[in-house]
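S.K.: For reference, this is start16.pdb, and it has PDB, C-alpha atoms.
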ATOM      1  CA  MET X   1      59.124 -21.549  10.531  1.00  0.00           C
ATOM      2  CA  LEU X   2      59.970 -24.932   8.991  1.00  0.00           C
ATOM      3  CA  THR X   3      60.599 -26.064   5.416  1.00  0.00           C
ATOM      4  CA  VAL X   4      58.395 -29.120   4.882  1.00  0.00           C
ATOM      5  CA  ALA X   5      58.067 -31.412   1.849  1.00  0.00           C
ATOM      6  CA  ASP X   6      55.057 -33.609   1.219  1.00  0.00           C
ATOM      7  CA  ILE X   7      55.775 -36.724  -0.777  1.00  0.00           C
ATOM      8  CA  SER X   8      54.156 -39.790  -2.327  1.00  0.00           C
ATOM      9  CA  HIS X   9      54.774 -42.309  -5.108  1.00  0.00           C
ATOM     10  CA  HIS X  10      54.907 -39.362  -7.518  1.00  0.00           C
ATOM     11  CA  GLN X  11      58.441 -38.658  -6.295  1.00  0.00           C
ATOM     12  CA  GLY X  12      59.592 -42.215  -7.008  1.00  0.00           C
ATOM     13  CA  LYS X  13      62.570 -43.602  -5.118  1.00  0.00           C
ATOM     14  CA  ILE X  14      64.086 -40.717  -3.190  1.00  0.00           C
ATOM     15  CA  ASP X  15      67.780 -40.405  -2.403  1.00  0.00           C
ATOM     16  CA  TRP X  16      67.335 -39.513   1.255  1.00  0.00           C
ATOM     17  CA  ASN X  17      71.025 -38.750   1.747  1.00  0.00           C
ATOM     18  CA  ALA X  18      70.520 -35.730  -0.500  1.00  0.00           C
ATOM     19  CA  PHE X  19      66.869 -35.021   0.277  1.00  0.00           C
ATOM     20  CA  ALA X  20      66.753 -35.108   4.083  1.00  0.00           C
ATOM     21  CA  PRO X  21      69.337 -32.339   4.706  1.00  0.00           C
ATOM     22  CA  ALA X  22      67.292 -29.964   2.508  1.00  0.00           C
ATOM     23  CA  ILE X  23      64.128 -30.128   4.654  1.00  0.00           C
ATOM     24  CA  ASP X  24      63.127 -29.665   8.293  1.00  0.00           C
ATOM     25  CA  ALA X  25      60.168 -32.066   8.261  1.00  0.00           C
ATOM     26  CA  VAL X  26      58.160 -34.282   5.917  1.00  0.00           C
ATOM     27  CA  ILE X  27      54.512 -35.138   5.253  1.00  0.00           C
ATOM     28  CA  ILE X  28      54.110 -38.613   3.742  1.00  0.00           C
ATOM     29  CA  LYS X  29      51.123 -39.957   1.823  1.00  0.00           C
ATOM     30  CA  ALA X  30      49.804 -43.137   3.448  1.00  0.00           C
ATOM     31  CA  GLY X  31      47.014 -43.893   0.977  1.00  0.00           C
ATOM     32  CA  GLY X  32      43.602 -42.793  -0.126  1.00  0.00           C
ATOM     33  CA  GLY X  33      40.057 -43.527  -1.134  1.00  0.00           C
ATOM     34  CA  ASP X  34      40.273 -42.380  -4.750  1.00  0.00           C
ATOM     35  CA  GLY X  35      41.701 -45.506  -6.356  1.00  0.00           C
ATOM     36  CA  ARG X  36      40.615 -46.454  -9.879  1.00  0.00           C
ATOM     37  CA  ASP X  37      40.429 -50.230  -9.542  1.00  0.00           C
ATOM     38  CA  VAL X  38      39.764 -50.365  -5.795  1.00  0.00           C
ATOM     39  CA  PRO X  39      38.340 -47.524  -3.711  1.00  0.00           C
ATOM     40  CA  PHE X  40      40.875 -47.901  -0.881  1.00  0.00           C
ATOM     41  CA  TYR X  41      44.627 -48.240  -1.342  1.00  0.00           C
ATOM     42  CA  GLU X  42      48.000 -47.794   0.307  1.00  0.00           C
ATOM     43  CA  ASP X  43      50.493 -45.515  -1.409  1.00  0.00           C
ATOM     44  CA  SER X  44      53.153 -47.722  -2.977  1.00  0.00           C
ATOM     45  CA  THR X  45      56.023 -45.780  -1.382  1.00  0.00           C
ATOM     46  CA  PHE X  46      54.455 -45.143   2.020  1.00  0.00           C
ATOM     47  CA  ARG X  47      56.205 -47.790   4.081  1.00  0.00           C
ATOM     48  CA  ARG X  48      59.613 -47.127   2.583  1.00  0.00           C
ATOM     49  CA  ASN X  49      59.307 -43.359   3.058  1.00  0.00           C
ATOM     50  CA  ARG X  50      57.899 -43.751   6.575  1.00  0.00           C
ATOM     51  CA  ASP X  51      60.648 -46.132   7.653  1.00  0.00           C
ATOM     52  CA  VAL X  52      63.434 -43.924   6.316  1.00  0.00           C
ATOM     53  CA  ALA X  53      61.949 -40.811   7.936  1.00  0.00           C
ATOM     54  CA  ARG X  54      61.704 -42.664  11.235  1.00  0.00           C
ATOM     55  CA  ARG X  55      65.275 -43.911  11.074  1.00  0.00           C
ATOM     56  CA  ARG X  56      66.474 -40.370  10.389  1.00  0.00           C
ATOM     57  CA  ALA X  57      64.251 -38.987  13.176  1.00  0.00           C
ATOM     58  CA  LEU X  58      62.735 -36.446  10.773  1.00  0.00           C
ATOM     59  CA  PRO X  59      59.617 -34.773  12.158  1.00  0.00           C
ATOM     60  CA  ARG X  60      56.726 -36.262  10.158  1.00  0.00           C
ATOM     61  CA  TRP X  61      53.028 -36.341   9.501  1.00  0.00           C
ATOM     62  CA  TYR X  62      51.084 -38.898   7.442  1.00  0.00           C
ATOM     63  CA  TYR X  63      48.215 -37.900   5.174  1.00  0.00           C
ATOM     64  CA  TYR X  64      45.237 -39.571   3.549  1.00  0.00           C
ATOM     65  CA  PHE X  65      43.785 -38.507   0.180  1.00  0.00           C
ATOM     66  CA  ALA X  66      39.983 -38.377   0.447  1.00  0.00           C
ATOM     67  CA  GLY X  67      38.025 -40.094  -2.307  1.00  0.00           C
ATOM     68  CA  CYS X  68      34.535 -39.474  -0.892  1.00  0.00           C
ATOM     69  CA  ARG X  69      33.163 -42.551  -2.680  1.00  0.00           C
ATOM     70  CA  SER X  70      32.494 -44.077   0.736  1.00  0.00           C
ATOM     71  CA  SER X  71      31.486 -42.553   4.059  1.00  0.00           C
ATOM     72  CA  GLY X  72      33.906 -40.493   6.092  1.00  0.00           C
ATOM     73  CA  ARG X  73      33.994 -43.206   8.728  1.00  0.00           C
ATOM     74  CA  GLN X  74      34.776 -45.961   6.215  1.00  0.00           C
ATOM     75  CA  GLU X  75      37.678 -43.997   4.760  1.00  0.00           C
ATOM     76  CA  ALA X  76      38.926 -43.085   8.223  1.00  0.00           C
ATOM     77  CA  ASP X  77      38.917 -46.759   9.186  1.00  0.00           C
ATOM     78  CA  HIS X  78      41.020 -47.528   6.122  1.00  0.00           C
ATOM     79  CA  PHE X  79      43.463 -44.747   7.038  1.00  0.00           C
ATOM     80  CA  LEU X  80      43.742 -46.221  10.511  1.00  0.00           C
ATOM     81  CA  THR X  81      44.700 -49.617   9.128  1.00  0.00           C
ATOM     82  CA  LEU X  82      47.599 -47.907   7.327  1.00  0.00           C
ATOM     83  CA  VAL X  83      48.962 -46.219  10.456  1.00  0.00           C
ATOM     84  CA  PRO X  84      48.299 -48.706  13.289  1.00  0.00           C
ATOM     85  CA  ASP X  85      51.621 -47.939  14.978  1.00  0.00           C
ATOM     86  CA  VAL X  86      51.483 -44.153  14.683  1.00  0.00           C
ATOM     87  CA  SER X  87      53.468 -42.651  17.541  1.00  0.00           C
ATOM     88  CA  ASP X  88      52.610 -39.747  19.806  1.00  0.00           C
ATOM     89  CA  GLU X  89      54.977 -37.447  17.909  1.00  0.00           C
ATOM     90  CA  GLU X  90      53.617 -38.284  14.436  1.00  0.00           C
ATOM     91  CA  GLY X  91      50.773 -36.140  13.128  1.00  0.00           C
ATOM     92  CA  LEU X  92      47.910 -37.160  10.827  1.00  0.00           C
ATOM     93  CA  ALA X  93      46.212 -35.159   8.088  1.00  0.00           C
ATOM     94  CA  LEU X  94      43.193 -35.396   5.795  1.00  0.00           C
ATOM     95  CA  ASP X  95      43.826 -34.218   2.224  1.00  0.00           C
ATOM     96  CA  TYR X  96      40.447 -33.053   0.898  1.00  0.00           C
ATOM     97  CA  GLU X  97      40.358 -32.392  -2.853  1.00  0.00           C
ATOM     98  CA  PRO X  98      38.000 -35.043  -4.286  1.00  0.00           C
ATOM     99  CA  ALA X  99      37.073 -35.201  -7.956  1.00  0.00           C
ATOM    100  CA  VAL X 100      33.420 -35.585  -6.944  1.00  0.00           C
ATOM    101  CA  PRO X 101      32.633 -33.938  -3.611  1.00  0.00           C
ATOM    102  CA  PRO X 102      30.085 -35.376  -1.194  1.00  0.00           C
ATOM    103  CA  GLN X 103      26.733 -33.674  -0.716  1.00  0.00           C
ATOM    104  CA  ASP X 104      27.900 -32.094   2.535  1.00  0.00           C
ATOM    105  CA  PRO X 105      31.707 -31.672   2.442  1.00  0.00           C
ATOM    106  CA  ALA X 106      32.014 -30.328   5.981  1.00  0.00           C
ATOM    107  CA  ALA X 107      29.970 -33.157   7.469  1.00  0.00           C
ATOM    108  CA  TRP X 108      31.964 -35.792   5.549  1.00  0.00           C
ATOM    109  CA  CYS X 109      35.305 -34.371   6.666  1.00  0.00           C
ATOM    110  CA  ALA X 110      34.163 -33.895  10.263  1.00  0.00           C
ATOM    111  CA  GLU X 111      33.036 -37.540  10.334  1.00  0.00           C
ATOM    112  CA  PHE X 112      36.456 -38.659   9.059  1.00  0.00           C
ATOM    113  CA  ILE X 113      38.382 -36.490  11.498  1.00  0.00           C
ATOM    114  CA  GLY X 114      36.077 -37.375  14.386  1.00  0.00           C
ATOM    115  CA  ARG X 115      36.534 -41.109  13.772  1.00  0.00           C
ATOM    116  CA  VAL X 116      40.335 -40.827  13.727  1.00  0.00           C
ATOM    117  CA  LYS X 117      40.255 -38.754  16.904  1.00  0.00           C
ATOM    118  CA  HIS X 118      37.919 -41.199  18.637  1.00  0.00           C
ATOM    119  CA  VAL X 119      40.249 -44.122  17.975  1.00  0.00           C
ATOM    120  CA  THR X 120      43.684 -42.519  18.317  1.00  0.00           C
ATOM    121  CA  GLY X 121      43.127 -39.321  20.268  1.00  0.00           C
ATOM    122  CA  LYS X 122      44.753 -37.406  17.397  1.00  0.00           C
ATOM    123  CA  ALA X 123      43.028 -34.494  15.675  1.00  0.00           C
ATOM    124  CA  CYS X 124      43.866 -34.629  11.949  1.00  0.00           C
ATOM    125  CA  LEU X 125      45.039 -31.502  10.245  1.00  0.00           C
ATOM    126  CA  PHE X 126      42.754 -30.495   7.393  1.00  0.00           C
ATOM    127  CA  TYR X 127      44.289 -29.857   3.964  1.00  0.00           C
ATOM    128  CA  THR X 128      42.565 -28.197   1.048  1.00  0.00           C
ATOM    129  CA  ASN X 129      43.111 -25.218  -1.244  1.00  0.00           C
ATOM    130  CA  GLU X 130      42.295 -21.585  -0.564  1.00  0.00           C
ATOM    131  CA  ASN X 131      39.288 -21.573  -2.885  1.00  0.00           C
ATOM    132  CA  ARG X 132      37.566 -24.385  -0.978  1.00  0.00           C
ATOM    133  CA  VAL X 133      38.438 -22.744   2.327  1.00  0.00           C
ATOM    134  CA  LEU X 134      36.561 -19.635   1.224  1.00  0.00           C
ATOM    135  CA  THR X 135      33.536 -21.223  -0.498  1.00  0.00           C
ATOM    136  CA  HIS X 136      32.143 -23.620   2.135  1.00  0.00           C
ATOM    137  CA  ASN X 137      30.946 -23.402   5.699  1.00  0.00           C
ATOM    138  CA  TRP X 138      33.668 -25.422   7.399  1.00  0.00           C
ATOM    139  CA  GLN X 139      32.712 -24.756  11.007  1.00  0.00           C
ATOM    140  CA  PRO X 140      32.215 -28.469  11.883  1.00  0.00           C
ATOM    141  CA  VAL X 141      35.742 -29.105  10.610  1.00  0.00           C
ATOM    142  CA  VAL X 142      37.188 -26.036  12.344  1.00  0.00           C
ATOM    143  CA  ASP X 143      35.710 -27.355  15.593  1.00  0.00           C
ATOM    144  CA  THR X 144      37.125 -30.874  15.089  1.00  0.00           C
ATOM    145  CA  CYS X 145      40.428 -30.708  13.213  1.00  0.00           C
ATOM    146  CA  GLY X 146      43.948 -30.124  14.477  1.00  0.00           C
ATOM    147  CA  GLY X 147      44.624 -27.104  12.284  1.00  0.00           C
ATOM    148  CA  LEU X 148      44.495 -25.876   8.691  1.00  0.00           C
ATOM    149  CA  TRP X 149      47.044 -26.866   6.061  1.00  0.00           C
ATOM    150  CA  VAL X 150      46.167 -24.800   3.011  1.00  0.00           C
ATOM    151  CA  ALA X 151      47.380 -24.719  -0.594  1.00  0.00           C
ATOM    152  CA  LYS X 152      47.869 -21.517  -2.558  1.00  0.00           C
ATOM    153  CA  TYR X 153      50.474 -21.425  -5.315  1.00  0.00           C
ATOM    154  CA  GLY X 154      50.207 -18.120  -7.136  1.00  0.00           C
ATOM    155  CA  LYS X 155      52.779 -18.403  -9.959  1.00  0.00           C
ATOM    156  CA  ASP X 156      53.623 -21.973  -8.875  1.00  0.00           C
ATOM    157  CA  ASP X 157      57.256 -21.445  -9.761  1.00  0.00           C
ATOM    158  CA  GLY X 158      58.787 -23.176  -6.761  1.00  0.00           C
ATOM    159  CA  PHE X 159      58.749 -20.131  -4.481  1.00  0.00           C
ATOM    160  CA  PRO X 160      56.235 -18.663  -1.988  1.00  0.00           C
ATOM    161  CA  HIS X 161      54.289 -15.601  -3.030  1.00  0.00           C
ATOM    162  CA  THR X 162      51.103 -14.129  -1.517  1.00  0.00           C
ATOM    163  CA  PRO X 163      50.127 -15.986   1.692  1.00  0.00           C
ATOM    164  CA  PRO X 164      46.728 -17.728   1.705  1.00  0.00           C
ATOM    165  CA  LYS X 165      43.488 -16.535   3.239  1.00  0.00           C
ATOM    166  CA  THR X 166      42.212 -18.868   5.936  1.00  0.00           C
ATOM    167  CA  GLY X 167      38.462 -18.241   6.062  1.00  0.00           C
ATOM    168  CA  GLN X 168      36.916 -19.526   9.287  1.00  0.00           C
ATOM    169  CA  TRP X 169      40.274 -20.594  10.671  1.00  0.00           C
ATOM    170  CA  PRO X 170      42.060 -17.864  12.647  1.00  0.00           C
ATOM    171  CA  ARG X 171      45.367 -18.887  11.075  1.00  0.00           C
ATOM    172  CA  ALA X 172      47.020 -21.590   9.005  1.00  0.00           C
ATOM    173  CA  ALA X 173      49.274 -24.179  10.583  1.00  0.00           C
ATOM    174  CA  ALA X 174      50.980 -24.812   7.240  1.00  0.00           C
ATOM    175  CA  TRP X 175      50.973 -23.345   3.727  1.00  0.00           C
ATOM    176  CA  GLN X 176      51.618 -25.421   0.619  1.00  0.00           C
ATOM    177  CA  TYR X 177      53.049 -22.755  -1.663  1.00  0.00           C
ATOM    178  CA  THR X 178      54.157 -24.743  -4.719  1.00  0.00           C
ATOM    179  CA  SER X 179      53.878 -28.076  -6.482  1.00  0.00           C
ATOM    180  CA  LYS X 180      56.987 -27.508  -8.605  1.00  0.00           C
ATOM    181  CA  LYS X 181      59.978 -27.321  -6.326  1.00  0.00           C
ATOM    182  CA  GLN X 182      63.135 -28.957  -7.631  1.00  0.00           C
ATOM    183  CA  MET X 183      64.685 -30.813  -4.711  1.00  0.00           C
ATOM    184  CA  PRO X 184      67.979 -32.662  -4.279  1.00  0.00           C
ATOM    185  CA  GLY X 185      67.497 -36.405  -4.169  1.00  0.00           C
ATOM    186  CA  VAL X 186      64.278 -36.333  -6.220  1.00  0.00           C
ATOM    187  CA  THR X 187      64.730 -37.003  -9.939  1.00  0.00           C
ATOM    188  CA  GLU X 188      61.351 -38.367 -11.065  1.00  0.00           C
ATOM    189  CA  ASN X 189      59.233 -35.294 -10.338  1.00  0.00           C
ATOM    190  CA  THR X 190      59.058 -31.957  -8.614  1.00  0.00           C
ATOM    191  CA  VAL X 191      57.955 -31.711  -4.981  1.00  0.00           C
ATOM    192  CA  ASP X 192      55.066 -30.033  -3.176  1.00  0.00           C
ATOM    193  CA  MET X 193      56.670 -27.702  -0.642  1.00  0.00           C
ATOM    194  CA  ASN X 194      55.264 -26.097   2.460  1.00  0.00           C
ATOM    195  CA  GLN X 195      55.996 -23.595   5.164  1.00  0.00           C
ATOM    196  CA  TYR X 196      55.018 -24.669   8.666  1.00  0.00           C
ATOM    197  CA  PHE X 197      54.330 -21.712  10.950  1.00  0.00           C
ATOM    198  CA  GLY X 198      56.012 -22.980  14.082  1.00  0.00           C
ATOM    199  CA  ASP X 199      59.048 -24.839  15.352  1.00  0.00           C
ATOM    200  CA  VAL X 200      59.934 -28.534  15.469  1.00  0.00           C
ATOM    201  CA  ALA X 201      58.386 -29.016  18.904  1.00  0.00           C
ATOM    202  CA  GLN X 202      55.092 -27.537  17.682  1.00  0.00           C
ATOM    203  CA  PHE X 203      55.182 -29.652  14.517  1.00  0.00           C
ATOM    204  CA  ARG X 204      55.614 -32.793  16.597  1.00  0.00           C
ATOM    205  CA  ALA X 205      52.903 -31.664  19.025  1.00  0.00           C
ATOM    206  CA  HIS X 206      50.313 -32.090  16.278  1.00  0.00           C
ATOM    207  CA  GLY X 207      50.764 -35.796  16.928  1.00  0.00           C
ATOM    208  CA  SER X 208      49.910 -35.558  20.613  1.00  0.00           C
ATOM    209  CA  PRO X 209      46.886 -37.680  21.535  1.00  0.00           C
ATOM    210  CA  GLY X 210      45.084 -34.715  23.001  1.00  0.00           C
ATOM    211  CA  ALA X 211      41.785 -36.475  23.643  1.00  0.00           C
ATOM    212  CA  LEU X 212      43.503 -39.137  25.726  1.00  0.00           C
ATOM    213  CA  ALA X 213      45.802 -36.681  27.445  1.00  0.00           C
ATOM    214  CA  GLY X 214      42.761 -34.648  28.433  1.00  0.00           C
ATOM    215  CA  LEU X 215      41.423 -37.609  30.365  1.00  0.00           C
ATOM    216  CA  GLY X 216      44.393 -37.491  32.702  1.00  0.00           C
ATOM    217  CA  ASP X 217      44.429 -41.287  32.720  1.00  0.00           C
ATOM    218  CA  ASP X 218      47.952 -42.650  32.277  1.00  0.00           C
ATOM    219  CA  ARG X 219      46.755 -46.226  32.458  1.00  0.00           C
ATOM    220  CA  LEU X 220      44.367 -45.744  29.541  1.00  0.00           C
ATOM    221  CA  ARG X 221      47.180 -44.354  27.409  1.00  0.00           C
ATOM    222  CA  GLU X 222      49.310 -47.328  28.380  1.00  0.00           C
ATOM    223  CA  LEU X 223      46.511 -49.650  27.261  1.00  0.00           C
ATOM    224  CA  VAL X 224      46.313 -47.879  23.914  1.00  0.00           C
ATOM    225  CA  ARG X 225      50.018 -48.482  23.366  1.00  0.00           C
ATOM    226  CA  GLU X 226      49.559 -52.102  24.434  1.00  0.00           C
ATOM    227  CA  ALA X 227      46.734 -52.562  21.947  1.00  0.00           C
ATOM    228  CA  ARG X 228      48.814 -51.082  19.123  1.00  0.00           C
ATOM    229  CA  ARG X 229      51.519 -53.675  19.717  1.00  0.00           C
ATOM    230  CA  VAL X 230      49.128 -56.583  19.195  1.00  0.00           C
ATOM    231  CA  ARG X 231      49.854 -58.304  15.887  1.00  0.00           C
ATOM    232  CA  GLY X 232      47.207 -59.340  13.408  1.00  0.00           C
ATOM    233  CA  ILE X 233      44.880 -56.377  13.882  1.00  0.00           C
ATOM    234  CA  THR X 234      43.213 -55.843  10.500  1.00  0.00           C
ATOM    235  CA  SER X 235      40.320 -53.595  11.481  1.00  0.00           C
ATOM    236  CA  TRP X 236      39.790 -50.860  14.026  1.00  0.00           C
ATOM    237  CA  ASP X 237      36.725 -52.600  15.465  1.00  0.00           C
ATOM    238  CA  ARG X 238      39.216 -55.300  16.443  1.00  0.00           C
ATOM    239  CA  TYR X 239      41.597 -52.635  17.768  1.00  0.00           C
ATOM    240  CA  LEU X 240      38.891 -51.326  20.070  1.00  0.00           C
ATOM    241  CA  GLN X 241      37.984 -54.835  21.213  1.00  0.00           C
ATOM    242  CA  VAL X 242      41.630 -55.502  22.107  1.00  0.00           C
ATOM    243  CA  LEU X 243      41.634 -52.300  24.130  1.00  0.00           C
ATOM    244  CA  ILE X 244      38.451 -53.294  25.959  1.00  0.00           C
ATOM    245  CA  ASP X 245      39.775 -56.792  26.691  1.00  0.00           C
ATOM    246  CA  ALA X 246      43.050 -55.362  27.986  1.00  0.00           C
ATOM    247  CA  SER X 247      41.237 -52.952  30.284  1.00  0.00           C
ATOM    248  CA  ARG X 248      39.137 -55.781  31.726  1.00  0.00           C
ATOM    249  CA  LYS X 249      42.264 -57.771  32.540  1.00  0.00           C
ATOM    250  CA  ASN X 250      43.673 -54.811  34.420  1.00  0.00           C
TER     251      ASN X 250
END
Translate the structure described by the file into structure tokens.
M.R.:
Amino acid sequence: MLTVADISHHQGKIDWNAFAPAIDAVIIKAGGGDGRDVPFYEDSTFRRNRDVARRRALPRWYYYFAGCRSSGRQEADHFLTLVPDVSDEEGLALDYEPAVPPQDPAAWCAEFIGRVKHVTGKACLFYTNENRVLTHNWQPVVDTCGGLWVAKYGKDDGFPHTPPKTGQWPRAAAWQYTSKKQMPGVTENTVDMNQYFGDVAQFRAHGSPGALAGLGDDRLRELVREARRVRGITSWDRYLQVLIDASRKN
């Protein structure tokens, strides 16, 4: 089991020399679709946190906060512009807790997750709280996502208490057990803390491009990496076109 922090601009400028030794892995907010002035945004600390975590070789996932003011595909495409160089060992997650839910939450989330998987080969983990897990039919998401990351705080005093129920999922991949953990290196706020039910290798495996690996086509995976290195890609339609052009040349 791993001790995992999830962080965003709410934690301000982190002193990683103190913070990193206190955790086994980190989940970093990339952005979301719930912005006030603009529907899509990048978290103001994402690049700094990502770069530090990479330099320190911390196991890491990146998450996207669903706004549900646009379609699942539109928000997925925005997420993809934030993580164009995501590596095979970096996982992705959809944080679903919108202020105004869509008419069909499961369909919206499955569309988001399906779009990310189609482009990257990665199946996003699905984050929400225990109450939502138990009050919707999530089968389309269960069938599409890379695992359940569920929040249940209990006393929310910085420590884990009663483990969450997982509804249609056979088990949880990760449990967010508090939003109020005091952590070294973080002075501007408390930290959301999680238990990951596996080891480092399993945590990193959530980033494996399973859809591509299933094809058994090493050349296609090489072309994906080649496309990711192309500079100036601002949309994932362009990403796909680069991939197609590269495949034609080869």
S.K.: Evaluating the PyMOL selection byres ((chain X and resi 95) around 9) on the displayed file yields which residues, as JSON, numbers by chain?
M.R.: {"X": [32, 63, 64, 65, 66, 93, 94, 96, 97, 98, 125, 126, 127, 128, 149]}
S.K.: Could you jot down the atom CA of X:Thr166 to atom CA of X:Leu92 separation for me, Å, one decimal place?
M.R.: 19.8 Å
S.K.: Since I can't run it myself right now, could you work out what the PyMOL selection byres ((chain X and resi 144) around 7) selects here and report it as a list in words?
M.R.: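 Here the PyMOL selection byres ((chain X and resi 144) around 7) matches Ala110, Ile113, Gly114, Ala123, Pro140, Val141, Val142, Asp143, Cys145 and Gly146 of chain X.
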S.K.: Counting all atoms listed in the file, what is within 10 Å of X:Val83, bar same-chain residues fewer than 4 positions away, as a PDB file with C-alpha atoms, in the frame of the given file?
M.R.:
ATOM      1  CA  ALA X  30      49.804 -43.137   3.448  1.00  0.00           C
ATOM      2  CA  GLY X  31      47.014 -43.893   0.977  1.00  0.00           C
ATOM      3  CA  ARG X  47      56.205 -47.790   4.081  1.00  0.00           C
ATOM      4  CA  TYR X  62      51.084 -38.898   7.442  1.00  0.00           C
ATOM      5  CA  TYR X  63      48.215 -37.900   5.174  1.00  0.00           C
ATOM      6  CA  HIS X  78      41.020 -47.528   6.122  1.00  0.00           C
ATOM      7  CA  PHE X  79      43.463 -44.747   7.038  1.00  0.00           C
ATOM      8  CA  SER X  87      53.468 -42.651  17.541  1.00  0.00           C
ATOM      9  CA  LEU X  92      47.910 -37.160  10.827  1.00  0.00           C
ATOM     10  CA  ARG X 228      48.814 -51.082  19.123  1.00  0.00           C
TER      11      ARG X 228
END
S.K.: At what distance in Å, to one decimal, does atom CA of X:Ile14 lie from atom CA of X:Val116?
M.R.: 29.2 Å
